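Okay, structure first, notes after.
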Amino acid sequence: MIRLLLNILWFVMGGWISGLLWLLGGLLLAITVVGLPYTGAAWRIAGFAFWPFGKEIVPREIVTGKGDLGTGGLGCVLNIIWFVLGGWYIALSHLVIAVAEAVTIIGIPFAIKDLQLAVVAIAPIGRVVVVKP
């Protein structure tokens with residue numbers, strides 16, 4: 001019940017904007033051949049950005065139990081390219097929002113979720129969103 005309430009508050013207070021921007025970013029990436037590997041990651045993050053409570057972002061190898069292209073060397077290179085071309089300023093925007101939210105006691109849970117979004121915005125390749133039990 002608390003997760004539902006927090007998700008509704010998050011969505012109403014700006015989560016819908018964050019989610020739509022991640023979807024738009026994924027769409028723009030999908031248009032280019034170079035950005036296509038990042039599209040899936042952006043859309044996974046969008047789902048988290050819409051309704052983050054009750055979910056967490058973890059490395060894919062924890063979920064699957066094995067490495068793959070996205071969790072190995074290629075994933076590292078793709079994450080570096082992502083960071084240089086746009087990840088740093090997306091992460092910075094989530095960080096600034098988190099600081100503003102953390103000023104109030106009520107905003108602390110939202111600040112924590114924005115910090116999680118900032119971390120995944122730095123290196124999204126090889127990460128998945130899982131539902132907490």
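By convention here, the chains of the structure tokens are called A, B, ... in the order presented, each chain's residues are numbered starting at 1, and ligands are numbered starting at 1 in the order presented.
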
From chain A, collect each residue whose DSSP state is strand (DSSP E or B) and return the set as a list in words.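 Across chain A, those assigned strand (DSSP E or B) are Lys55, Glu56, Ile57, Val58, Pro59, Arg127, Val128, Val129, Val130 and Val131 of chain A.
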
Restrict the selected residues to all heavy atoms and save them as a compact mmCIF listing (two decimals), in the first residue's frame.
# COMPACT_ATOMS: atom_id res chain seq x y z
N LYS A 55 10.81 -1.33 -6.99
CA LYS A 55 11.72 -1.84 -8.02
C LYS A 55 13.13 -1.40 -7.69
O LYS A 55 13.34 -0.45 -6.93
CB LYS A 55 11.35 -1.28 -9.40
CG LYS A 55 9.98 -1.61 -9.88
CD LYS A 55 9.72 -0.93 -11.20
CE LYS A 55 8.31 -1.13 -11.68
NZ LYS A 55 8.03 -0.36 -12.89
N GLU A 56 14.09 -2.10 -8.27
CA GLU A 56 15.47 -1.67 -8.16
C GLU A 56 16.21 -2.01 -9.43
O GLU A 56 15.78 -2.85 -10.22
CB GLU A 56 16.16 -2.28 -6.94
CG GLU A 56 16.27 -3.77 -6.94
CD GLU A 56 16.92 -4.30 -5.67
OE1 GLU A 56 17.86 -3.69 -5.17
OE2 GLU A 56 16.46 -5.33 -5.20
N ILE A 57 17.32 -1.34 -9.65
CA ILE A 57 18.14 -1.55 -10.84
C ILE A 57 19.38 -2.33 -10.42
O ILE A 57 20.09 -1.92 -9.51
CB ILE A 57 18.52 -0.20 -11.46
CG1 ILE A 57 17.27 0.56 -11.85
CG2 ILE A 57 19.43 -0.41 -12.67
CD1 ILE A 57 17.49 2.00 -12.21
N VAL A 58 19.60 -3.45 -11.09
CA VAL A 58 20.73 -4.33 -10.74
C VAL A 58 21.48 -4.72 -12.01
O VAL A 58 20.92 -4.66 -13.12
CB VAL A 58 20.24 -5.60 -10.00
CG1 VAL A 58 19.58 -5.25 -8.69
CG2 VAL A 58 19.31 -6.42 -10.86
N PRO A 59 22.73 -5.14 -11.86
CA PRO A 59 23.46 -5.66 -13.03
C PRO A 59 22.76 -6.90 -13.59
O PRO A 59 22.27 -7.74 -12.83
CB PRO A 59 24.84 -6.01 -12.47
CG PRO A 59 24.98 -5.18 -11.23
CD PRO A 59 23.59 -5.04 -10.69
N ARG A 127 22.32 -3.29 -17.31
CA ARG A 127 21.48 -3.15 -16.11
C ARG A 127 20.05 -3.52 -16.43
O ARG A 127 19.59 -3.32 -17.55
CB ARG A 127 21.49 -1.71 -15.60
CG ARG A 127 22.84 -1.14 -15.31
CD ARG A 127 23.26 -1.52 -13.97
NE ARG A 127 24.58 -0.93 -13.68
CZ ARG A 127 25.24 -1.20 -12.60
NH1 ARG A 127 24.73 -2.01 -11.71
NH2 ARG A 127 26.41 -0.68 -12.39
N VAL A 128 19.36 -4.07 -15.45
CA VAL A 128 17.94 -4.40 -15.60
C VAL A 128 17.17 -3.91 -14.39
O VAL A 128 17.74 -3.72 -13.32
CB VAL A 128 17.70 -5.91 -15.81
CG1 VAL A 128 18.26 -6.40 -17.11
CG2 VAL A 128 18.26 -6.72 -14.65
N VAL A 129 15.88 -3.73 -14.58
CA VAL A 129 15.00 -3.33 -13.49
C VAL A 129 14.29 -4.59 -13.01
O VAL A 129 13.73 -5.33 -13.80
CB VAL A 129 13.96 -2.30 -13.98
CG1 VAL A 129 13.00 -1.93 -12.86
CG2 VAL A 129 14.66 -1.05 -14.53
N VAL A 130 14.36 -4.83 -11.71
CA VAL A 130 13.68 -5.98 -11.11
C VAL A 130 12.71 -5.51 -10.05
O VAL A 130 12.92 -4.47 -9.42
CB VAL A 130 14.69 -6.99 -10.51
CG1 VAL A 130 15.56 -7.60 -11.57
CG2 VAL A 130 15.53 -6.36 -9.43
N VAL A 131 11.67 -6.28 -9.87
CA VAL A 131 10.67 -5.96 -8.85
C VAL A 131 11.14 -6.54 -7.54
O VAL A 131 11.53 -7.71 -7.46
CB VAL A 131 9.29 -6.53 -9.25
CG1 VAL A 131 8.27 -6.28 -8.15
CG2 VAL A 131 8.84 -5.94 -10.56

Could you pull the residues within 10 Å of Gln116 in chain A, counting only C-alpha atoms, minus those fewer than 5 positions along the same chain, as a list in words? Phe48, Ala49, Pro52, Glu56, Ile57, Ala91, His94, Leu95, Ala98, Phe110, Ala111 and Ala121 of chain A

As a VMD selection string, please: the residues near Ala41 in chain A (cut-off 8 Å, only C-alpha atoms, same-chain neighbours under 5 positions excluded). chain A and resid 26 124 to 125 127

Please provide the set of residues having any atom within 12 Å of Ser18 in chain A, restricted to only C-alpha atoms, with same-chain residues fewer than 6 positions apart removed, written as a VMD selection string. chain A and resid 10 to 12 24 to 25 42 to 43 45 to 52 90 93 to 94 97 113 to 114 117 to 118

Counting only C-alpha atoms, figure out which residue out of A:Leu6, A:Leu21, A:Ile112, A:Ala123 gets nearest to Ile81 in chain A.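 Among A:Leu6, A:Leu21, A:Ile112, A:Ala123, it is A:Ala123 that comes nearest to Ile81 in chain A.
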